[in-house]
file final.txt (compact mmCIF, C-alpha atoms)
# COMPACT_ATOMS: atom_id res chain seq x y z
CA MET Q 30 100.45 74.97 -34.41
CA LYS Q 31 101.30 71.64 -36.01
CA ILE Q 32 104.86 71.36 -37.25
CA ALA Q 33 107.02 68.77 -39.00
CA VAL Q 34 110.80 68.70 -38.60
CA ILE Q 35 112.67 66.65 -41.19
CA GLY Q 36 115.99 65.50 -39.76
CA THR Q 37 116.76 64.72 -36.13
CA GLY Q 38 120.40 65.70 -35.98
CA TYR Q 39 121.65 68.36 -33.62
CA VAL Q 40 119.66 71.25 -35.14
CA GLY Q 41 116.54 69.24 -35.90
CA LEU Q 42 116.17 67.66 -32.48
CA VAL Q 43 116.79 70.89 -30.58
CA THR Q 44 114.43 72.79 -32.89
CA GLY Q 45 111.66 70.22 -32.63
CA THR Q 46 111.93 69.87 -28.87
CA CYS Q 47 112.01 73.60 -28.21
CA LEU Q 48 109.06 74.25 -30.55
CA ALA Q 49 107.06 71.63 -28.66
CA GLU Q 50 107.91 73.32 -25.37
CA THR Q 51 105.75 76.35 -26.25
CA GLY Q 52 102.67 74.25 -26.97
CA ASN Q 53 103.13 73.29 -30.61
CA THR Q 54 102.54 69.73 -31.77
CA VAL Q 55 105.77 68.60 -33.41
CA ILE Q 56 106.49 65.43 -35.34
CA CYS Q 57 110.14 64.76 -36.21
CA VAL Q 58 111.03 62.63 -39.20
CA ASP Q 59 114.18 60.61 -39.82
CA ILE Q 60 115.03 57.77 -42.20
CA ASN Q 61 117.17 56.04 -39.55
CA VAL Q 62 114.79 53.44 -38.13
CA GLU Q 63 117.02 52.52 -35.18
CA LYS Q 64 117.45 56.17 -34.20
CA VAL Q 65 113.71 56.85 -34.37
CA GLU Q 66 112.93 53.77 -32.28
CA LYS Q 67 115.40 54.91 -29.62
CA MET Q 68 113.85 58.38 -29.45
CA GLN Q 69 110.38 56.86 -29.27
CA SER Q 70 111.59 54.87 -26.25
CA GLY Q 71 113.07 57.98 -24.61
CA VAL Q 72 116.72 57.72 -25.63
CA ILE Q 73 118.26 61.03 -26.75
CA PRO Q 74 120.95 60.49 -29.43
CA ILE Q 75 123.00 63.62 -28.65
CA TYR Q 76 124.38 65.26 -25.53
CA GLU Q 77 123.15 68.81 -25.00
CA PRO Q 78 122.67 70.33 -21.52
CA GLY Q 79 119.01 70.88 -20.65
CA LEU Q 80 117.64 69.07 -23.69
CA ASP Q 81 116.69 65.93 -21.77
CA ILE Q 82 114.24 67.73 -19.50
CA LEU Q 83 112.33 69.34 -22.37
CA PHE Q 84 112.53 66.19 -24.48
CA HIS Q 85 110.97 63.88 -21.89
CA ARG Q 86 108.36 66.42 -20.79
CA ASN Q 87 107.05 67.01 -24.29
CA VAL Q 88 107.14 63.34 -25.28
CA GLU Q 89 105.16 62.44 -22.16
CA GLN Q 90 102.62 65.18 -22.84
CA GLY Q 91 102.17 64.11 -26.45
CA ARG Q 92 103.50 67.23 -28.13
CA LEU Q 93 106.72 65.66 -29.46
CA LYS Q 94 106.64 62.56 -31.64
CA PHE Q 95 109.00 60.70 -33.95
CA THR Q 96 108.43 58.78 -37.15
CA THR Q 97 110.09 57.44 -40.29
CA ASN Q 98 106.91 58.08 -42.27
CA LEU Q 99 107.20 61.46 -44.03
CA ALA Q 100 103.64 61.36 -45.38
CA GLU Q 101 102.30 60.89 -41.85
CA ALA Q 102 104.29 63.88 -40.65
CA LEU Q 103 103.12 66.20 -43.43
CA ILE Q 104 99.38 65.53 -43.37
CA ASP Q 105 98.40 68.10 -40.74
CA SER Q 106 101.58 70.13 -40.43
CA LYS Q 107 101.34 73.75 -41.49
CA ILE Q 108 105.08 74.44 -41.26
CA ILE Q 109 107.79 72.00 -42.38
CA PHE Q 110 111.34 72.53 -41.16
CA LEU Q 111 114.24 71.11 -43.17
CA ALA Q 112 117.01 70.35 -40.68
CA LEU Q 113 119.14 68.07 -42.80
CA PRO Q 114 122.92 67.69 -43.09
CA THR Q 115 124.81 69.76 -45.66
CA PRO Q 116 128.28 68.20 -45.46
CA PRO Q 117 131.17 69.83 -47.30
CA GLY Q 118 132.27 68.33 -50.58
CA GLU Q 119 135.88 67.91 -51.63
CA ASP Q 120 135.90 71.46 -53.00
CA GLY Q 121 134.36 72.92 -49.82
CA SER Q 122 130.91 73.46 -51.31
CA ALA Q 123 127.85 72.34 -49.33
CA ASP Q 124 126.22 69.07 -50.41
CA LEU Q 125 122.50 69.86 -50.90
CA SER Q 126 121.41 66.37 -51.91
CA TYR Q 127 119.62 65.67 -48.61
CA VAL Q 128 117.82 69.03 -48.63
CA LEU Q 129 116.75 68.86 -52.26
CA GLY Q 130 115.76 65.20 -51.95
CA ALA Q 131 113.45 66.11 -49.07
CA ALA Q 132 112.06 69.01 -51.09
CA THR Q 133 111.18 66.64 -53.92
CA ASP Q 134 109.45 64.28 -51.50
CA ILE Q 135 107.47 67.18 -50.04
CA GLY Q 136 106.29 68.17 -53.51
CA ARG Q 137 105.00 64.66 -54.10
CA LEU Q 138 103.07 64.53 -50.83
CA ILE Q 139 101.53 67.89 -49.91
CA LYS Q 140 97.84 68.50 -50.53
CA ASP Q 141 97.33 71.91 -48.89
CA TYR Q 142 99.32 75.10 -48.27
CA LYS Q 143 102.62 74.62 -46.43
CA VAL Q 144 105.51 76.80 -45.37
CA VAL Q 145 108.78 74.95 -46.01
CA VAL Q 146 111.56 76.33 -43.84
CA ASP Q 147 115.26 75.95 -44.58
CA LYS Q 148 116.72 75.56 -41.09
CA SER Q 149 119.87 73.87 -42.34
CA THR Q 150 122.85 76.09 -43.11
CA VAL Q 151 122.76 76.36 -46.88
CA PRO Q 152 124.48 78.41 -49.60
CA VAL Q 153 122.93 81.52 -51.06
CA GLY Q 154 120.29 80.57 -53.61
CA THR Q 155 119.21 77.34 -51.89
CA ALA Q 156 115.68 78.57 -51.15
CA GLU Q 157 115.17 79.00 -54.88
CA LYS Q 158 116.48 75.48 -55.53
CA VAL Q 159 114.19 74.05 -52.86
CA SER Q 160 111.24 75.91 -54.38
CA ASP Q 161 112.10 74.64 -57.86
CA ALA Q 162 112.39 71.05 -56.60
CA ILE Q 163 108.95 71.24 -54.96
CA LYS Q 164 107.40 72.85 -58.06
CA LYS Q 165 108.87 70.16 -60.29
CA ALA Q 166 107.49 67.38 -58.10
CA LEU Q 167 104.06 69.05 -57.94
CA ALA Q 168 103.99 69.40 -61.73
CA GLU Q 169 104.54 65.65 -62.17
CA THR Q 170 100.97 65.05 -60.92
CA ASN Q 171 99.52 68.39 -62.03
CA ASN Q 172 99.18 69.33 -58.35
CA LYS Q 173 98.30 73.02 -57.89
CA THR Q 174 98.95 73.15 -54.12
CA GLU Q 175 100.45 76.44 -52.97
CA PHE Q 176 103.52 76.68 -50.75
CA ASP Q 177 106.21 79.12 -49.66
CA VAL Q 178 109.88 78.54 -48.91
CA VAL Q 179 111.42 80.50 -46.03
CA SER Q 180 115.05 80.81 -44.99
CA ASN Q 181 115.29 80.72 -41.19
CA PRO Q 182 118.92 80.03 -40.29
CA GLU Q 183 119.79 78.67 -36.86
CA PHE Q 184 122.24 80.40 -34.53
CA LEU Q 185 122.57 77.68 -31.90
CA ARG Q 186 125.74 77.29 -29.88
CA GLU Q 187 126.46 73.73 -28.88
CA GLY Q 188 126.43 73.52 -25.10
CA VAL Q 189 123.82 76.27 -24.69
CA ALA Q 190 121.57 75.47 -27.66
CA VAL Q 191 118.36 75.13 -25.64
CA GLU Q 192 118.85 78.57 -24.09
CA ASP Q 193 119.75 80.01 -27.50
CA PHE Q 194 116.53 78.69 -29.02
CA MET Q 195 114.25 79.59 -26.14
CA LYS Q 196 115.74 83.07 -25.71
CA PRO Q 197 117.30 84.03 -29.06
CA ASP Q 198 119.15 87.31 -29.43
CA ARG Q 199 117.49 87.56 -32.86
CA VAL Q 200 115.45 85.46 -35.27
CA VAL Q 201 116.22 85.88 -38.96
CA ILE Q 202 113.33 85.21 -41.35
CA GLY Q 203 113.95 85.36 -45.07
CA THR Q 204 110.79 85.56 -47.18
CA ASP Q 205 108.97 87.80 -49.63
CA SER Q 206 105.62 86.17 -48.81
CA GLU Q 207 103.31 88.05 -46.43
CA ARG Q 208 101.42 84.82 -45.72
CA ALA Q 209 104.56 82.95 -44.71
CA ARG Q 210 105.87 85.93 -42.76
CA ASN Q 211 102.70 86.07 -40.63
CA LEU Q 212 102.86 82.34 -39.85
CA MET Q 213 106.51 82.57 -38.86
CA ALA Q 214 105.81 85.63 -36.70
CA ASP Q 215 103.09 83.71 -34.85
CA LEU Q 216 105.38 80.72 -34.40
CA TYR Q 217 108.25 82.73 -32.93
CA ALA Q 218 106.18 85.18 -30.86
CA PRO Q 219 106.67 83.22 -27.59
CA TYR Q 220 110.45 83.30 -28.01
CA VAL Q 221 110.88 87.06 -28.50
CA ARG Q 222 108.59 88.39 -25.77
CA GLN Q 223 111.51 90.21 -24.14
CA GLY Q 224 111.93 92.38 -27.21
CA ASN Q 225 114.71 90.66 -29.14
CA PRO Q 226 113.99 91.24 -32.79
CA LEU Q 227 112.48 89.25 -35.58
CA VAL Q 228 114.65 90.39 -38.49
CA TYR Q 229 112.89 90.11 -41.83
CA MET Q 230 114.71 90.07 -45.17
CA ASP Q 231 114.75 88.29 -48.51
CA GLU Q 232 115.77 84.64 -48.69
CA ARG Q 233 119.23 85.21 -50.17
CA SER Q 234 120.16 87.77 -47.53
CA ALA Q 235 119.03 85.40 -44.77
CA GLU Q 236 121.16 82.61 -46.20
CA LEU Q 237 124.20 84.86 -46.39
CA THR Q 238 123.59 86.22 -42.87
CA LYS Q 239 124.23 82.80 -41.38
CA TYR Q 240 127.48 82.27 -43.27
CA ALA Q 241 128.66 85.81 -42.63
CA ALA Q 242 128.03 85.50 -38.88
CA ASN Q 243 129.97 82.27 -38.53
CA ALA Q 244 132.77 83.47 -40.80
CA PHE Q 245 133.15 86.63 -38.73
CA LEU Q 246 133.32 84.69 -35.46
CA ALA Q 247 135.85 82.30 -37.00
CA THR Q 248 137.84 85.35 -38.08
CA LYS Q 249 137.90 86.66 -34.51
CA ILE Q 250 139.20 83.30 -33.29
CA SER Q 251 141.92 83.06 -35.93
CA PHE Q 252 142.90 86.71 -35.42
CA MET Q 253 143.28 86.15 -31.68
CA ASN Q 254 145.33 83.02 -32.28
CA GLU Q 255 147.66 85.05 -34.49
CA VAL Q 256 147.93 87.67 -31.74
CA ALA Q 257 148.70 84.92 -29.22
CA ASN Q 258 151.48 83.55 -31.41
CA LEU Q 259 152.91 87.05 -31.75
CA CYS Q 260 152.71 87.52 -27.97
CA GLU Q 261 154.96 84.52 -27.47
CA LYS Q 262 157.60 86.01 -29.77
CA LEU Q 263 157.40 89.52 -28.31
CA GLY Q 264 157.19 88.53 -24.66
CA ALA Q 265 153.67 89.91 -24.20
CA ASP Q 266 150.79 88.21 -22.39
CA VAL Q 267 147.75 87.38 -24.51
CA ASP Q 268 145.38 87.42 -21.54
CA SER Q 269 146.24 91.05 -20.90
CA VAL Q 270 145.89 91.89 -24.59
CA ARG Q 271 142.57 90.08 -24.77
CA ARG Q 272 141.13 91.97 -21.83
CA GLY Q 273 142.44 95.25 -23.18
CA ILE Q 274 140.86 94.98 -26.59
CA GLY Q 275 137.75 93.11 -25.42
CA ALA Q 276 136.74 96.10 -23.29
CA ASP Q 277 136.28 98.11 -26.48
CA GLU Q 278 132.54 97.88 -27.18
CA ARG Q 279 133.26 97.93 -30.92
CA ILE Q 280 135.14 94.65 -30.51
CA GLY Q 281 133.61 92.91 -27.50
CA LYS Q 282 135.10 90.25 -25.24
CA ARG Q 283 133.55 87.14 -26.81
CA PHE Q 284 135.45 84.86 -29.18
CA LEU Q 285 138.78 86.45 -28.20
CA PHE Q 286 140.13 83.47 -26.29
CA PRO Q 287 143.17 81.94 -28.00
CA GLY Q 288 143.51 78.21 -28.32
CA VAL Q 289 144.11 75.35 -30.71
CA GLY Q 290 141.75 76.49 -33.43
CA TYR Q 291 138.03 76.29 -34.06
CA GLY Q 292 136.25 73.05 -34.86
CA GLY Q 293 132.75 71.61 -34.68
CA SER Q 294 129.93 71.27 -37.14
CA CYS Q 295 129.51 74.91 -38.15
CA PHE Q 296 132.60 77.08 -38.42
CA PRO Q 297 134.79 74.81 -40.56
CA LYS Q 298 132.18 73.88 -43.14
CA ASP Q 299 130.49 77.30 -43.17
CA VAL Q 300 133.73 79.17 -43.74
CA GLN Q 301 134.65 76.70 -46.50
CA ALA Q 302 131.22 77.01 -48.08
CA LEU Q 303 131.30 80.81 -48.05
CA ALA Q 304 134.78 80.76 -49.59
CA ARG Q 305 133.50 78.37 -52.25
CA SER Q 306 130.56 80.67 -52.98
CA ALA Q 307 133.03 83.53 -53.44
CA ASP Q 308 135.06 81.40 -55.85
CA GLU Q 309 131.95 80.68 -57.90
CA VAL Q 310 131.46 84.40 -58.57
CA ASN Q 311 135.20 84.97 -59.07
CA TYR Q 312 135.68 86.94 -55.88
CA ASP Q 313 139.03 86.53 -54.11
CA PHE Q 314 137.99 86.47 -50.44
CA LYS Q 315 141.51 86.96 -49.04
CA ILE Q 316 140.53 87.37 -45.39
CA LEU Q 317 138.52 84.16 -45.39
CA ASP Q 318 141.33 82.19 -47.03
CA SER Q 319 143.71 83.47 -44.34
CA VAL Q 320 141.27 82.51 -41.58
CA MET Q 321 141.25 78.92 -42.82
CA ASP Q 322 145.02 78.83 -43.22
CA VAL Q 323 145.59 80.15 -39.69
CA ASN Q 324 143.18 77.62 -38.26
CA GLU Q 325 144.90 74.68 -39.93
CA ILE Q 326 148.25 75.82 -38.52
CA GLN Q 327 146.79 76.45 -35.07
CA LYS Q 328 145.53 72.89 -34.76
CA LYS Q 329 149.15 71.74 -34.66
CA VAL Q 330 150.53 74.42 -32.32
CA LEU Q 331 150.51 72.16 -29.24
CA VAL Q 332 152.32 69.38 -31.07
CA LYS Q 333 155.03 71.88 -32.05
CA LYS Q 334 155.38 72.80 -28.39
CA VAL Q 335 155.62 69.12 -27.46
CA ASN Q 336 158.28 68.54 -30.12
CA ALA Q 337 160.26 71.55 -28.94
CA TYR Q 338 160.37 70.02 -25.47
CA PHE Q 339 160.76 66.30 -26.22
CA GLY Q 340 162.09 66.27 -29.80
CA ASP Q 341 160.43 65.01 -32.96
CA ASP Q 342 160.81 61.31 -32.10
CA LEU Q 343 158.25 60.52 -29.40
CA LYS Q 344 158.75 56.76 -29.28
CA GLY Q 345 158.50 55.54 -25.71
CA LYS Q 346 156.72 58.71 -24.59
CA LYS Q 347 153.25 58.62 -23.09
CA PHE Q 348 150.85 61.56 -23.11
CA GLY Q 349 147.58 62.17 -21.29
CA ILE Q 350 144.92 64.19 -23.10
CA TRP Q 351 142.13 66.02 -21.31
CA GLY Q 352 139.29 66.87 -23.65
CA LEU Q 353 138.29 65.37 -27.00
CA ALA Q 354 135.16 67.31 -27.98
CA PHE Q 355 135.70 70.45 -30.04
CA LYS Q 356 134.33 72.52 -27.13
CA PRO Q 357 132.93 71.89 -23.62
CA GLU Q 358 129.35 70.77 -22.98
CA THR Q 359 129.03 68.72 -26.15
CA ASP Q 360 129.96 65.28 -27.44
CA ASP Q 361 130.58 66.68 -30.93
CA ILE Q 362 134.01 65.77 -32.33
CA ARG Q 363 133.59 67.08 -35.86
CA GLU Q 364 136.83 68.86 -36.80
CA ALA Q 365 137.90 68.66 -33.16
CA PRO Q 366 141.51 69.84 -32.68
CA ALA Q 367 142.15 66.88 -30.36
CA LEU Q 368 141.85 64.49 -33.31
CA TYR Q 369 144.63 66.27 -35.20
CA ILE Q 370 146.84 66.37 -32.11
CA ILE Q 371 146.33 62.66 -31.45
CA GLU Q 372 147.08 61.83 -35.08
CA ASP Q 373 150.42 63.63 -34.94
CA LEU Q 374 151.37 62.11 -31.58
CA LEU Q 375 150.67 58.60 -32.83
CA LYS Q 376 152.61 59.21 -36.04
CA ALA Q 377 155.59 60.25 -33.91
CA GLY Q 378 155.42 56.97 -32.00
CA ALA Q 379 153.79 58.20 -28.79
CA GLU Q 380 151.24 56.42 -26.62
CA VAL Q 381 148.07 58.34 -25.75
CA LEU Q 382 145.68 58.10 -22.81
CA ALA Q 383 142.52 60.19 -23.12
CA PHE Q 384 139.56 61.36 -21.09
CA ASP Q 385 136.53 63.45 -22.00
CA PRO Q 386 133.28 63.63 -19.99
CA GLU Q 387 131.06 63.05 -23.04
CA ALA Q 388 132.94 62.56 -26.32
CA MET Q 389 134.86 59.32 -25.74
CA PRO Q 390 132.28 56.99 -27.34
CA ASN Q 391 132.34 59.06 -30.54
CA VAL Q 392 136.14 59.12 -30.66
CA LYS Q 393 136.33 55.39 -29.95
CA LYS Q 394 134.14 54.75 -33.01
CA LEU Q 395 136.66 56.71 -35.05
CA LEU Q 396 140.00 55.68 -33.55
CA GLY Q 397 139.22 52.28 -32.07
CA ASP Q 398 141.98 50.92 -29.85
CA SER Q 399 144.76 53.14 -31.21
CA ILE Q 400 144.58 55.16 -27.98
CA THR Q 401 143.56 54.23 -24.44
CA PHE Q 402 140.29 55.62 -23.07
CA VAL Q 403 140.03 55.97 -19.29
CA ASN Q 404 137.29 56.62 -16.74
CA ASN Q 405 138.40 59.95 -15.29
CA GLN Q 406 140.99 62.68 -15.71
CA TYR Q 407 143.37 61.25 -13.14
CA GLU Q 408 143.55 57.87 -14.85
CA ALA Q 409 144.60 59.78 -17.97
CA VAL Q 410 147.81 61.00 -16.31
CA LYS Q 411 149.06 57.79 -14.72
CA GLY Q 412 152.65 57.30 -15.82
CA VAL Q 413 152.53 59.97 -18.53
CA ASP Q 414 155.44 62.17 -19.52
CA ALA Q 415 153.16 65.15 -20.05
CA LEU Q 416 149.53 66.23 -19.87
CA ILE Q 417 147.94 67.97 -22.87
CA ILE Q 418 144.75 69.98 -22.28
CA VAL Q 419 142.67 70.40 -25.43
CA THR Q 420 139.09 71.09 -24.26
CA GLU Q 421 138.34 73.33 -21.28
CA TRP Q 422 135.69 71.27 -19.51
CA SER Q 423 134.82 72.66 -16.05
CA VAL Q 424 136.00 69.44 -14.41
CA PHE Q 425 139.57 70.26 -15.51
CA ARG Q 426 139.67 73.76 -14.03
CA ALA Q 427 140.60 72.93 -10.43
CA PRO Q 428 142.54 69.64 -10.35
CA ASP Q 429 144.53 68.28 -7.44
CA PHE Q 430 147.99 69.36 -8.57
CA GLU Q 431 149.68 67.38 -5.79
CA LEU Q 432 147.97 64.21 -6.97
CA LEU Q 433 148.93 65.01 -10.57
CA ALA Q 434 152.56 65.29 -9.54
CA ILE Q 435 152.39 61.87 -7.91
CA LEU Q 436 150.70 60.19 -10.87
CA MET Q 437 152.74 61.75 -13.70
CA ASN Q 438 156.29 60.79 -14.61
CA ASP Q 439 157.13 64.47 -14.77
CA LYS Q 440 155.34 67.72 -13.95
CA VAL Q 441 154.84 68.88 -17.54
CA ILE Q 442 151.62 70.38 -18.92
CA PHE Q 443 150.84 71.74 -22.39
CA ASP Q 444 147.63 73.76 -22.21
CA GLY Q 445 145.77 74.59 -25.41
CA ARG Q 446 143.06 76.57 -23.60
CA ASN Q 447 144.97 78.68 -21.03
CA VAL Q 448 143.03 77.12 -18.17
CA TYR Q 449 145.50 77.81 -15.35
CA ASP Q 450 147.07 80.85 -13.75
CA LEU Q 451 150.78 81.21 -14.52
CA LYS Q 452 151.78 82.14 -10.98
CA LYS Q 453 149.94 79.16 -9.54
CA MET Q 454 151.69 76.80 -11.93
CA GLN Q 455 155.05 78.29 -10.99
CA THR Q 456 154.26 77.88 -7.30
CA ASN Q 457 153.33 74.24 -7.89
CA GLY Q 458 156.62 73.63 -9.68
CA TYR Q 459 155.30 72.65 -13.11
CA TYR Q 460 156.67 73.17 -16.57
CA TYR Q 461 153.62 74.84 -18.10
CA ASN Q 462 153.38 75.85 -21.74
CA SER Q 463 150.15 77.55 -22.85
CA ILE Q 464 149.03 79.75 -25.76
CA GLY Q 465 150.33 83.30 -26.09
CA ARG Q 466 151.73 83.47 -22.56
CA ALA Q 467 155.11 83.05 -20.96
CA ILE Q 468 156.41 79.51 -20.46
CA VAL Q 469 156.59 78.53 -16.81
CA SER Q 470 159.72 76.51 -16.07
CA LYS Q 471 160.10 74.05 -13.26
call {"tool": "encode", "arguments": {"input": "final.txt", "output": "structure tokens"}}
result
Amino acid sequence: MKIAVIGTGYVGLVTGTCLAETGNTVICVDINVEKVEKMQSGVIPIYEPGLDILFHRNVEQGRLKFTTNLAEALIDSKIIFLALPTPPGEDGSADLSYVLGAATDIGRLIKDYKVVVDKSTVPVGTAEKVSDAIKKALAETNNKTEFDVVSNPEFLREGVAVEDFMKPDRVVIGTDSERARNLMADLYAPYVRQGNPLVYMDERSAELTKYAANAFLATKISFMNEVANLCEKLGADVDSVRRGIGADERIGKRFLFPGVGYGGSCFPKDVQALARSADEVNYDFKILDSVMDVNEIQKKVLVKKVNAYFGDDLKGKKFGIWGLAFKPETDDIREAPALYIIEDLLKAGAEVLAFDPEAMPNVKKLLGDSITFVNNQYEAVKGVDALIIVTEWSVFRAPDFELLAILMNDKVIFDGRNVYDLKKMQTNGYYYNSIGRAIVSK
């Protein structure tokens, strides 16, 4: 099948590459000339494990191409994916200008039947707006070409997105058109051979499914962070609590790890957008408002622990930070807790050294020379008064604690991801302050 993917951001590039992997001919469109030229020359603009292998294989075999020419991409494509950004506005609502602008362009260009697929995360009712935009553009030239708009939300987890696409636990397809449904079923057949379902529904339900899923997962994270904070006050251990409730099949063990809040491209903006949608219909979504409030507080929990130990004035203090991305196995720093922590440390007069295996170039673009970027995790602790762990990359899980003790001014660690065993830290003689667990004193 011939497919066009408009937008080569995280979702668009993974979608296009993975669709090409099953034999489809995919042409990806982007208005960024420099970005397209890099991809044409084999440079992948994002870090995602496993994507490089599929990318290069399908480019070499001619199934994956890139262009800035939308008309060229649409000529033979039967299915058109919209994978465009929907950034949050000041009021939390999703900005649909990119999506609707592309829809208008599609209406001006198509000459035969197309299925236009909303892959971007969009508010309820967007499929109707996309359809209206295409109809309006068609009417300008009295074009009678038929089309259908389908809502097909993505459920990709950064760090395992290729696996999620190639072996999805479900595929949600929102359409009332039998013609579009059959095309989408053919397209996704190779990905659900093991029996995971294609879930069909109307467009509005599909759009809400995406928001509801992310909001629920964000709720689990914020709930567990609240439990962790309560554990610290009651003298309980959050790891024990987490294992105890996670064994209940009604709850499950995933997304119960406490930390410094959720970040990234999906949860923050999707929760905000769903809350905004509730506001628009005068529904007071109390749980969702609380989830957002808890998350904002949780981003600062490590700084509070630092202040409790060193005081509010951190002038003359130096801190090493391990992890800048919002989660491991990605270079994505959107709404990353590390950024909020660094901001507060700098405001208090501290000096910051930082290391992340993938995200440092993105943070450097944002923060410039306000912090020091180093080449490995051990350089990030040279002469520091404390180490702060923000992202649980695998490379941080088994450090040389004897070397750390030599390099650091003092054996003090604040851990926002509960990476280390309490007994081991006590044996090694560290002051170790994590989330929802007892403080280990030197």
call {"tool": "residues_around", "arguments": {"input": "final.txt", "residues": "Q:Ile371", "least_positions_apart": "6", "cutoff": "10 Å", "atoms": "all atoms listed in the file", "output": "PyMOL selection string"}}
result
chain Q and resi 332+348+350+353+377+379-383+396+399-400
call {"tool": "residues_near_point", "arguments": {"input": "final.txt", "point": "(149.5, 61.0, -8.1)", "cutoff": "10 Å", "atoms": "only C-alpha atoms", "output": "list in words"}}
result
Tyr407, Glu408, Val410, Lys411, Gly412, Asp429, Phe430, Glu431, Leu432, Leu433, Ala434, Ile435, Leu436, Met437 and Asn438 of chain Q
call {"tool": "residues_near_point", "arguments": {"input": "final.txt", "point": "(146.2, 73.2, -37.6)", "cutoff": "8 Å", "atoms": "all atoms listed in the file", "output": "list in words"}}
result
Val289, Gly290, Val323, Asn324, Glu325, Ile326, Gln327, Lys328, Lys329, Val330, Pro366 and Tyr369 of chain Q
call {"tool": "atom_distance", "arguments": {"input": "final.txt", "atom1": "atom CA of Q:Val34", "atom2": "atom CA of Q:Val55"}}
result
7.2 Å
call {"tool": "closest_residue", "arguments": {"input": "final.txt", "among": "Q:Asn254, Q:Ser319, Q:Gln301, Q:Thr155", "to": "Q:Gly445", "atoms": "only C-alpha atoms"}}
result
Q:Asn254
call {"tool": "residues_around", "arguments": {"input": "final.txt", "residues": "Q:Gly38", "least_positions_apart": "2", "cutoff": "10 Å", "atoms": "all atoms listed in the file", "output": "short mmCIF file (atom, residue, chain, number, x, y, z; two decimals) with C-alpha atoms, keeping the file's coordinate frame"}}
result
data_model
loop_
_atom_site.label_atom_id
_atom_site.label_comp_id
_atom_site.auth_asym_id
_atom_site.auth_seq_id
_atom_site.Cartn_x
_atom_site.Cartn_y
_atom_site.Cartn_z
CA ILE Q 35 112.67 66.65 -41.19
CA GLY Q 36 115.99 65.50 -39.76
CA VAL Q 40 119.66 71.25 -35.14
CA GLY Q 41 116.54 69.24 -35.90
CA LEU Q 42 116.17 67.66 -32.48
CA VAL Q 43 116.79 70.89 -30.58
CA THR Q 44 114.43 72.79 -32.89
CA ASP Q 59 114.18 60.61 -39.82
CA PRO Q 74 120.95 60.49 -29.43
CA ILE Q 75 123.00 63.62 -28.65
CA ALA Q 112 117.01 70.35 -40.68
CA LEU Q 113 119.14 68.07 -42.80
CA PRO Q 114 122.92 67.69 -43.09
#
call {"tool": "atom_distance", "arguments": {"input": "final.txt", "atom1": "atom CA of Q:Tyr459", "atom2": "atom CA of Q:Asp414"}}
result
12.3 Å
call {"tool": "closest_residue", "arguments": {"input": "final.txt", "among": "Q:Gly345, Q:Pro182, Q:Gly288, Q:Pro297", "to": "Q:Arg466", "atoms": "all atoms listed in the file"}}
result
Q:Gly288
call {"tool": "build_atoms", "arguments": {"input": "final.txt", "residues": "stretch 101-108 of chain Q", "atoms": "N, CA, C and O atoms", "output": "PDB file, in the coordinates of the input"}}
result
ATOM      1  N   GLU Q 101     103.010  60.759 -43.125  1.00  0.00           N
ATOM      2  CA  GLU Q 101     102.300  60.890 -41.850  1.00  0.00           C
ATOM      3  C   GLU Q 101     102.612  62.239 -41.194  1.00  0.00           C
ATOM      4  O   GLU Q 101     101.737  62.910 -40.647  1.00  0.00           O
ATOM      5  N   ALA Q 102     103.869  62.641 -41.292  1.00  0.00           N
ATOM      6  CA  ALA Q 102     104.290  63.880 -40.650  1.00  0.00           C
ATOM      7  C   ALA Q 102     103.731  65.119 -41.345  1.00  0.00           C
ATOM      8  O   ALA Q 102     103.481  66.148 -40.706  1.00  0.00           O
ATOM      9  N   LEU Q 103     103.521  65.024 -42.660  1.00  0.00           N
ATOM     10  CA  LEU Q 103     103.120  66.200 -43.430  1.00  0.00           C
ATOM     11  C   LEU Q 103     101.621  66.438 -43.475  1.00  0.00           C
ATOM     12  O   LEU Q 103     101.185  67.554 -43.787  1.00  0.00           O
ATOM     13  N   ILE Q 104     100.832  65.443 -43.172  1.00  0.00           N
ATOM     14  CA  ILE Q 104      99.380  65.530 -43.370  1.00  0.00           C
ATOM     15  C   ILE Q 104      98.799  66.790 -42.736  1.00  0.00           C
ATOM     16  O   ILE Q 104      98.133  67.597 -43.395  1.00  0.00           O
ATOM     17  N   ASP Q 105      99.023  66.985 -41.456  1.00  0.00           N
ATOM     18  CA  ASP Q 105      98.400  68.100 -40.740  1.00  0.00           C
ATOM     19  C   ASP Q 105      99.340  69.254 -40.459  1.00  0.00           C
ATOM     20  O   ASP Q 105      98.903  70.288 -39.940  1.00  0.00           O
ATOM     21  N   SER Q 106     100.609  69.092 -40.783  1.00  0.00           N
ATOM     22  CA  SER Q 106     101.580  70.130 -40.430  1.00  0.00           C
ATOM     23  C   SER Q 106     101.454  71.335 -41.350  1.00  0.00           C
ATOM     24  O   SER Q 106     101.395  71.197 -42.571  1.00  0.00           O
ATOM     25  N   LYS Q 107     101.414  72.510 -40.725  1.00  0.00           N
ATOM     26  CA  LYS Q 107     101.340  73.750 -41.490  1.00  0.00           C
ATOM     27  C   LYS Q 107     102.733  74.238 -41.888  1.00  0.00           C
ATOM     28  O   LYS Q 107     102.922  74.830 -42.949  1.00  0.00           O
ATOM     29  N   ILE Q 108     103.705  74.001 -41.009  1.00  0.00           N
ATOM     30  CA  ILE Q 108     105.080  74.440 -41.260  1.00  0.00           C
ATOM     31  C   ILE Q 108     105.982  73.210 -41.258  1.00  0.00           C
ATOM     32  O   ILE Q 108     105.879  72.349 -40.382  1.00  0.00           O
TER      33      ILE Q 108
END
